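Visitor: This one is target.pdb, PDB, C-alpha atoms, pLDDT in the B column.
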ATOM      1  CA  MET A   1       3.210  -3.755 -28.301  1.00 54.00           C
ATOM      2  CA  ALA A   2       6.147  -6.026 -29.189  1.00 59.00           C
ATOM      3  CA  LYS A   3       5.987  -8.283 -32.220  1.00 76.00           C
ATOM      4  CA  ILE A   4       4.051 -11.440 -31.369  1.00 81.00           C
ATOM      5  CA  LYS A   5       4.760 -14.897 -32.698  1.00 87.00           C
ATOM      6  CA  LEU A   6       1.586 -16.383 -34.156  1.00 86.00           C
ATOM      7  CA  THR A   7       2.193 -19.891 -32.847  1.00 89.00           C
ATOM      8  CA  LYS A   8       0.498 -22.381 -30.530  1.00 89.00           C
ATOM      9  CA  ASN A   9       3.334 -22.047 -28.019  1.00 92.00           C
ATOM     10  CA  GLU A  10       2.878 -18.286 -27.921  1.00 92.00           C
ATOM     11  CA  LEU A  11      -0.878 -18.745 -27.521  1.00 91.00           C
ATOM     12  CA  LYS A  12      -0.308 -20.996 -24.504  1.00 94.00           C
ATOM     13  CA  SER A  13       2.180 -18.526 -23.045  1.00 93.00           C
ATOM     14  CA  GLN A  14      -0.273 -15.636 -23.396  1.00 94.00           C
ATOM     15  CA  LYS A  15      -3.112 -17.661 -21.841  1.00 94.00           C
ATOM     16  CA  ASP A  16      -0.868 -18.527 -18.894  1.00 95.00           C
ATOM     17  CA  SER A  17      -0.002 -14.847 -18.478  1.00 94.00           C
ATOM     18  CA  LEU A  18      -3.684 -13.896 -18.560  1.00 95.00           C
ATOM     19  CA  LYS A  19      -4.480 -16.443 -15.838  1.00 95.00           C
ATOM     20  CA  MET A  20      -1.685 -15.020 -13.694  1.00 95.00           C
ATOM     21  CA  TYR A  21      -2.899 -11.421 -14.114  1.00 95.00           C
ATOM     22  CA  GLN A  22      -6.483 -12.420 -13.346  1.00 95.00           C
ATOM     23  CA  ARG A  23      -5.355 -14.387 -10.305  1.00 95.00           C
ATOM     24  CA  TYR A  24      -3.270 -11.562  -8.796  1.00 94.00           C
ATOM     25  CA  LEU A  25      -5.581  -8.643  -9.630  1.00 96.00           C
ATOM     26  CA  PRO A  26      -8.179  -9.421  -6.903  1.00 96.00           C
ATOM     27  CA  THR A  27      -5.366  -9.748  -4.337  1.00 95.00           C
ATOM     28  CA  LEU A  28      -3.874  -6.416  -5.355  1.00 96.00           C
ATOM     29  CA  THR A  29      -7.304  -4.755  -5.344  1.00 96.00           C
ATOM     30  CA  LEU A  30      -7.983  -6.102  -1.846  1.00 96.00           C
ATOM     31  CA  LYS A  31      -4.590  -4.853  -0.657  1.00 96.00           C
ATOM     32  CA  LYS A  32      -5.332  -1.416  -2.117  1.00 97.00           C
ATOM     33  CA  GLN A  33      -8.664  -1.248  -0.269  1.00 97.00           C
ATOM     34  CA  GLN A  34      -7.046  -2.430   2.972  1.00 97.00           C
ATOM     35  CA  LEU A  35      -4.329   0.221   2.730  1.00 97.00           C
ATOM     36  CA  GLN A  36      -6.893   2.946   2.054  1.00 97.00           C
ATOM     37  CA  THR A  37      -8.925   1.857   5.084  1.00 97.00           C
ATOM     38  CA  GLU A  38      -5.875   1.678   7.360  1.00 97.00           C
ATOM     39  CA  ILE A  39      -4.611   5.098   6.251  1.00 97.00           C
ATOM     40  CA  ARG A  40      -7.988   6.685   7.019  1.00 97.00           C
ATOM     41  CA  TYR A  41      -8.078   4.974  10.426  1.00 97.00           C
ATOM     42  CA  ILE A  42      -4.525   5.994  11.367  1.00 97.00           C
ATOM     43  CA  ASP A  43      -5.130   9.539  10.145  1.00 97.00           C
ATOM     44  CA  SER A  44      -8.185   9.814  12.395  1.00 97.00           C
ATOM     45  CA  ARG A  45      -6.113   8.512  15.327  1.00 97.00           C
ATOM     46  CA  ALA A  46      -3.361  11.037  14.622  1.00 97.00           C
ATOM     47  CA  LYS A  47      -5.905  13.882  14.539  1.00 96.00           C
ATOM     48  CA  ALA A  48      -7.413  12.662  17.822  1.00 97.00           C
ATOM     49  CA  VAL A  49      -3.972  12.573  19.451  1.00 97.00           C
ATOM     50  CA  ARG A  50      -3.171  16.076  18.176  1.00 95.00           C
ATOM     51  CA  ALA A  51      -6.517  17.344  19.482  1.00 96.00           C
ATOM     52  CA  LYS A  52      -5.850  15.759  22.875  1.00 95.00           C
ATOM     53  CA  ARG A  53      -2.395  17.359  22.889  1.00 93.00           C
ATOM     54  CA  LYS A  54      -3.869  20.772  22.113  1.00 92.00           C
ATOM     55  CA  HIS A  55      -6.514  20.394  24.821  1.00 91.00           C
ATOM     56  CA  LEU A  56      -3.862  19.341  27.334  1.00 88.00           C
ATOM     57  CA  GLU A  57      -1.715  22.355  26.454  1.00 84.00           C
ATOM     58  CA  GLU A  58      -4.628  24.768  26.860  1.00 85.00           C
ATOM     59  CA  GLU A  59      -5.616  23.135  30.130  1.00 81.00           C
ATOM     60  CA  PHE A  60      -1.982  23.284  31.244  1.00 75.00           C
ATOM     61  CA  ARG A  61      -1.659  27.001  30.474  1.00 75.00           C
ATOM     62  CA  ASN A  62      -4.903  27.838  32.255  1.00 74.00           C
ATOM     63  CA  TRP A  63      -3.884  25.717  35.213  1.00 67.00           C
ATOM     64  CA  ILE A  64      -0.505  27.457  35.597  1.00 64.00           C
ATOM     65  CA  ALA A  65      -2.102  30.866  35.134  1.00 63.00           C
ATOM     66  CA  VAL A  66      -4.238  30.247  38.236  1.00 55.00           C
ATOM     67  CA  PHE A  67      -1.083  30.292  40.333  1.00 53.00           C
ATOM     68  CA  GLY A  68       0.167  33.470  38.670  1.00 51.00           C
ATOM     69  CA  GLU A  69       3.637  31.959  38.284  1.00 53.00           C
ATOM     70  CA  GLU A  70       3.802  31.097  34.588  1.00 54.00           C
ATOM     71  CA  GLU A  71       7.534  31.817  34.390  1.00 57.00           C
ATOM     72  CA  ALA A  72       8.400  29.270  37.087  1.00 54.00           C
ATOM     73  CA  PHE A  73       8.065  26.288  34.742  1.00 59.00           C
ATOM     74  CA  LYS A  74      10.610  25.982  31.964  1.00 64.00           C
ATOM     75  CA  PRO A  75      10.056  23.490  29.078  1.00 61.00           C
ATOM     76  CA  GLY A  76      13.683  22.347  29.454  1.00 72.00           C
ATOM     77  CA  MET A  77      12.835  20.915  32.857  1.00 77.00           C
ATOM     78  CA  VAL A  78      11.504  17.808  31.049  1.00 82.00           C
ATOM     79  CA  THR A  79      13.359  16.099  28.213  1.00 87.00           C
ATOM     80  CA  VAL A  80      12.950  12.821  26.343  1.00 91.00           C
ATOM     81  CA  SER A  81      15.688  10.349  27.284  1.00 91.00           C
ATOM     82  CA  ASN A  82      14.434   7.298  25.391  1.00 95.00           C
ATOM     83  CA  ILE A  83      11.697   6.464  22.887  1.00 95.00           C
ATOM     84  CA  ARG A  84      10.345   2.918  22.935  1.00 96.00           C
ATOM     85  CA  ARG A  85       9.201   1.645  19.548  1.00 96.00           C
ATOM     86  CA  SER A  86       8.377  -1.762  18.132  1.00 96.00           C
ATOM     87  CA  GLU A  87       7.609  -2.957  14.621  1.00 96.00           C
ATOM     88  CA  GLY A  88       4.183  -3.758  13.223  1.00 96.00           C
ATOM     89  CA  ASN A  89       2.935  -5.012   9.898  1.00 96.00           C
ATOM     90  CA  ILE A  90      -0.032  -3.815   7.856  1.00 94.00           C
ATOM     91  CA  ALA A  91      -0.742  -5.398   4.460  1.00 91.00           C
ATOM     92  CA  GLY A  92       2.864  -6.538   4.238  1.00 92.00           C
ATOM     93  CA  VAL A  93       4.261  -3.096   5.120  1.00 95.00           C
ATOM     94  CA  LYS A  94       6.572  -2.806   8.130  1.00 96.00           C
ATOM     95  CA  ILE A  95       5.586   0.156  10.285  1.00 97.00           C
ATOM     96  CA  PRO A  96       6.887   1.622  13.560  1.00 97.00           C
ATOM     97  CA  VAL A  97       4.662   1.321  16.625  1.00 97.00           C
ATOM     98  CA  TYR A  98       4.932   3.743  19.550  1.00 96.00           C
ATOM     99  CA  GLU A  99       5.274   1.908  22.860  1.00 96.00           C
ATOM    100  CA  GLY A 100       6.057   4.831  25.132  1.00 95.00           C
ATOM    101  CA  ALA A 101       8.957   7.001  26.222  1.00 95.00           C
ATOM    102  CA  ASP A 102      11.228   7.679  29.163  1.00 94.00           C
ATOM    103  CA  PHE A 103      11.795  11.221  30.380  1.00 91.00           C
ATOM    104  CA  SER A 104      14.447  13.055  32.322  1.00 87.00           C
ATOM    105  CA  ARG A 105      13.808  16.006  34.585  1.00 79.00           C
ATOM    106  CA  GLY A 106      16.208  18.844  35.044  1.00 71.00           C
ATOM    107  CA  ASP A 107      17.629  19.562  38.468  1.00 67.00           C
ATOM    108  CA  TYR A 108      15.784  22.210  40.384  1.00 63.00           C
ATOM    109  CA  ASP A 109      15.695  23.246  43.998  1.00 59.00           C
ATOM    110  CA  LEU A 110      12.407  22.202  45.554  1.00 58.00           C
ATOM    111  CA  TYR A 111      12.736  25.077  48.024  1.00 56.00           C
ATOM    112  CA  GLU A 112      12.936  27.648  45.229  1.00 63.00           C
ATOM    113  CA  VAL A 113      10.211  26.440  42.859  1.00 62.00           C
ATOM    114  CA  PRO A 114       6.442  26.393  43.419  1.00 61.00           C
ATOM    115  CA  LEU A 115       4.883  23.260  44.910  1.00 64.00           C
ATOM    116  CA  TRP A 116       3.026  22.506  41.662  1.00 68.00           C
ATOM    117  CA  ILE A 117       6.210  22.087  39.573  1.00 73.00           C
ATOM    118  CA  ASP A 118       6.193  18.274  39.815  1.00 75.00           C
ATOM    119  CA  LEU A 119       2.572  18.167  38.693  1.00 76.00           C
ATOM    120  CA  ALA A 120       3.429  20.494  35.814  1.00 77.00           C
ATOM    121  CA  ALA A 121       6.334  18.209  34.850  1.00 80.00           C
ATOM    122  CA  ASP A 122       3.906  15.272  34.765  1.00 85.00           C
ATOM    123  CA  ARG A 123       1.651  17.211  32.412  1.00 84.00           C
ATOM    124  CA  MET A 124       4.615  18.099  30.204  1.00 83.00           C
ATOM    125  CA  GLU A 125       5.565  14.414  29.970  1.00 89.00           C
ATOM    126  CA  GLN A 126       2.029  13.612  28.862  1.00 91.00           C
ATOM    127  CA  ALA A 127       2.216  16.345  26.207  1.00 89.00           C
ATOM    128  CA  LEU A 128       5.586  15.155  24.902  1.00 91.00           C
ATOM    129  CA  SER A 129       4.339  11.568  24.819  1.00 95.00           C
ATOM    130  CA  LEU A 130       1.344  12.639  22.726  1.00 95.00           C
ATOM    131  CA  ASP A 131       3.676  14.493  20.327  1.00 94.00           C
ATOM    132  CA  LEU A 132       5.815  11.369  19.909  1.00 96.00           C
ATOM    133  CA  GLN A 133       2.754   9.187  19.380  1.00 96.00           C
ATOM    134  CA  ALA A 134       1.407  11.541  16.700  1.00 96.00           C
ATOM    135  CA  GLU A 135       4.797  11.600  14.944  1.00 96.00           C
ATOM    136  CA  VAL A 136       4.886   7.795  14.775  1.00 97.00           C
ATOM    137  CA  LEU A 137       1.318   7.676  13.452  1.00 97.00           C
ATOM    138  CA  GLU A 138       2.242  10.188  10.754  1.00 97.00           C
ATOM    139  CA  GLU A 139       5.277   8.074   9.880  1.00 97.00           C
ATOM    140  CA  GLN A 140       2.947   5.087   9.492  1.00 97.00           C
ATOM    141  CA  ILE A 141       0.759   7.114   7.108  1.00 97.00           C
ATOM    142  CA  ILE A 142       3.789   8.066   4.986  1.00 97.00           C
ATOM    143  CA  LEU A 143       4.929   4.423   4.667  1.00 97.00           C
ATOM    144  CA  LEU A 144       1.437   3.102   3.921  1.00 98.00           C
ATOM    145  CA  SER A 145       0.726   5.902   1.425  1.00 97.00           C
ATOM    146  CA  ARG A 146       3.932   5.032  -0.419  1.00 97.00           C
ATOM    147  CA  GLU A 147       2.839   1.386  -0.622  1.00 97.00           C
ATOM    148  CA  LEU A 148      -0.656   2.454  -1.689  1.00 98.00           C
ATOM    149  CA  ARG A 149       0.768   4.391  -4.645  1.00 98.00           C
ATOM    150  CA  THR A 150       2.800   1.358  -5.752  1.00 97.00           C
ATOM    151  CA  THR A 151      -0.166  -1.008  -5.330  1.00 97.00           C
ATOM    152  CA  SER A 152      -2.523   1.355  -7.197  1.00 97.00           C
ATOM    153  CA  GLN A 153      -0.048   1.547 -10.082  1.00 97.00           C
ATOM    154  CA  ARG A 154       0.057  -2.258 -10.271  1.00 96.00           C
ATOM    155  CA  VAL A 155      -3.736  -2.523 -10.165  1.00 97.00           C
ATOM    156  CA  ASN A 156      -4.001  -0.017 -13.022  1.00 97.00           C
ATOM    157  CA  LEU A 157      -1.264  -1.789 -14.981  1.00 96.00           C
ATOM    158  CA  PHE A 158      -3.006  -5.174 -14.713  1.00 96.00           C
ATOM    159  CA  GLU A 159      -6.544  -3.862 -15.100  1.00 95.00           C
ATOM    160  CA  LYS A 160      -6.069  -1.285 -17.863  1.00 95.00           C
ATOM    161  CA  VAL A 161      -2.995  -2.518 -19.749  1.00 95.00           C
ATOM    162  CA  LYS A 162      -1.854  -6.096 -19.241  1.00 95.00           C
ATOM    163  CA  ILE A 163      -5.205  -7.919 -19.175  1.00 96.00           C
ATOM    164  CA  PRO A 164      -6.777  -6.069 -22.172  1.00 95.00           C
ATOM    165  CA  GLU A 165      -3.509  -6.312 -24.118  1.00 95.00           C
ATOM    166  CA  THR A 166      -3.140 -10.032 -23.449  1.00 95.00           C
ATOM    167  CA  LYS A 167      -6.756 -10.705 -24.426  1.00 95.00           C
ATOM    168  CA  THR A 168      -6.170  -8.863 -27.707  1.00 94.00           C
ATOM    169  CA  ILE A 169      -3.051 -10.923 -28.420  1.00 94.00           C
ATOM    170  CA  ILE A 170      -4.852 -14.188 -27.625  1.00 94.00           C
ATOM    171  CA  LYS A 171      -7.674 -13.240 -29.982  1.00 93.00           C
ATOM    172  CA  LYS A 172      -5.212 -12.292 -32.737  1.00 92.00           C
ATOM    173  CA  ILE A 173      -3.286 -15.572 -32.458  1.00 91.00           C
ATOM    174  CA  SER A 174      -6.485 -17.633 -32.202  1.00 91.00           C
ATOM    175  CA  VAL A 175      -7.924 -16.016 -35.338  1.00 90.00           C
ATOM    176  CA  TYR A 176      -4.657 -16.564 -37.223  1.00 88.00           C
ATOM    177  CA  LEU A 177      -4.358 -20.214 -36.169  1.00 89.00           C
ATOM    178  CA  GLY A 178      -8.039 -20.741 -37.000  1.00 83.00           C
ATOM    179  CA  ASP A 179      -7.519 -19.315 -40.478  1.00 80.00           C
ATOM    180  CA  GLN A 180      -4.457 -21.489 -40.927  1.00 83.00           C
ATOM    181  CA  GLN A 181      -6.429 -24.569 -39.938  1.00 80.00           C
ATOM    182  CA  VAL A 182      -9.233 -23.740 -42.387  1.00 77.00           C
ATOM    183  CA  SER A 183      -6.678 -23.169 -45.153  1.00 75.00           C
ATOM    184  CA  ALA A 184      -5.045 -26.498 -44.374  1.00 69.00           C
ATOM    185  CA  VAL A 185      -8.415 -28.286 -44.586  1.00 68.00           C
ATOM    186  CA  VAL A 186      -9.194 -26.571 -47.913  1.00 68.00           C
ATOM    187  CA  ARG A 187      -5.787 -27.478 -49.316  1.00 71.00           C
ATOM    188  CA  SER A 188      -6.244 -31.051 -48.157  1.00 67.00           C
ATOM    189  CA  LYS A 189      -9.633 -31.289 -49.881  1.00 70.00           C
ATOM    190  CA  ILE A 190      -8.226 -29.798 -53.092  1.00 73.00           C
ATOM    191  CA  SER A 191      -5.311 -32.253 -53.049  1.00 68.00           C
ATOM    192  CA  LYS A 192      -7.670 -35.153 -52.423  1.00 67.00           C
ATOM    193  CA  LYS A 193      -9.922 -34.005 -55.253  1.00 67.00           C
ATOM    194  CA  LYS A 194      -6.943 -33.777 -57.607  1.00 67.00           C
ATOM    195  CA  LEU A 195      -5.814 -37.258 -56.658  1.00 65.00           C
ATOM    196  CA  GLU A 196      -9.316 -38.635 -57.217  1.00 60.00           C
ATOM    197  CA  THR A 197      -9.519 -36.894 -60.611  1.00 66.00           C
ATOM    198  CA  ALA A 198      -6.086 -38.193 -61.626  1.00 58.00           C
ATOM    199  CA  ALA A 199      -7.031 -41.715 -60.571  1.00 57.00           C
ATOM    200  CA  GLU A 200     -10.272 -41.509 -62.492  1.00 66.00           C
ATOM    201  CA  GLN A 201      -8.469 -40.309 -65.636  1.00 65.00           C
ATOM    202  CA  ALA A 202      -5.875 -43.080 -65.323  1.00 60.00           C
ATOM    203  CA  LYS A 203      -8.629 -45.634 -65.026  1.00 64.00           C
ATOM    204  CA  LYS A 204     -10.366 -44.369 -68.169  1.00 63.00           C
ATOM    205  CA  ALA A 205      -7.070 -44.376 -70.071  1.00 64.00           C
ATOM    206  CA  ALA A 206      -6.448 -47.981 -69.102  1.00 61.00           C
ATOM    207  CA  VAL A 207      -9.811 -49.015 -70.539  1.00 58.00           C
TER
END
Output the file's structure as structure tokens, nothing else.
Guide:
Amino acid sequence: MAKIKLTKNELKSQKDSLKMYQRYLPTLTLKKQQLQTEIRYIDSRAKAVRAKRKHLEEEFRNWIAVFGEEEAFKPGMVTVSNIRRSEGNIAGVKIPVYEGADFSRGDYDLYEVPLWIDLAADRMEQALSLDLQAEVLEEQIILLSRELRTTSQRVNLFEKVKIPETKTIIKKISVYLGDQQVSAVVRSKISKKKLETAAEQAKKAAV
């Protein structure tokens, strides 16, 4: 703790600081709770998307296996040509929002590939879209978790350091100024008593 001036101005400054800390702490605490809630919600969404992706892949494999032509479909037949993203805001944190994607399909001869290739390509687009959505959700979690760490540090700083420290300083200055005031009153009474005694003695001497 830095050296504190035991003055009225310093006392006022410390009281103002305490009011500021006490005013911002509830806001920071609320932000911390909001971030924690949002992270849990987004994490559950990401897990749901991943589960849907896994189910789609299993369904896709079983579906192709029925035709006995698993090698006919190549993953490179579908590629992502554009990802559409916008910007959202949660608790003051800018986050990316997945809006969809555009896909390109490789050239293939319809006379040489099975009839179900187009349907398989549609399924692959769905799978890729789910992957992209999950990636954006995970990016949101990273950004919000980073902000949560910063906010938690500030809450701890205000709650466990700044507010207790400032209260201690205020008490120290108040006690010192109180003692000074009592001393001043005592000195004033002693001076007054001395003056009264001197006046009384002068009066007796004049008689």
Visitor: With distances taken over all atoms listed in the file, which of A:Lys12, A:Arg123, A:Arg187, A:Lys32 is nearest to A:Asn156?
Guide: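 With all atoms listed in the file as the atom set, the closest residue is A:Lys32.
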Visitor: Taking 3 positions as the minimum chain separation for residues in the same chain, which residues sit within 9 Å of stretch 43-54 of chain A when counting all atoms listed in the file? Answer as a PyMOL selection string.
Guide: chain A and resi 38-40+57-59+126-128+130-131+133-138+141
Visitor: For A:Thr29, please output as an NGL selection string all residues within 9 Å (counting all atoms listed in the file; exclusion window: fewer than 4 positions along the same chain).
Guide: :A and (24-25 or 33-34 or 151-152 or 155)
Visitor: Please identify all polymer residues within 10 Å of A:Tyr176, counting all atoms listed in the file, omitting same-chain residues fewer than 5 positions from it, and present them as a ChimeraX atom specification.
Guide: /A:6-7,170-171,181-182
Visitor: Running the PyMOL selection byres ((chain A and resi 93) around 12) on this model by hand, what would come out? Give it as an MDAnalysis selection string.
Guide: chainID A and resid 31 34:35 38 87:92 94:96 140:148 150:151
Visitor: In Å, with one decimal, what is the gap from atom CA of A:Val80 to atom CA of A:Glu99?
Guide: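 Pair atom CA of A:Val80 / atom CA of A:Glu99 returns 13.8 Å.
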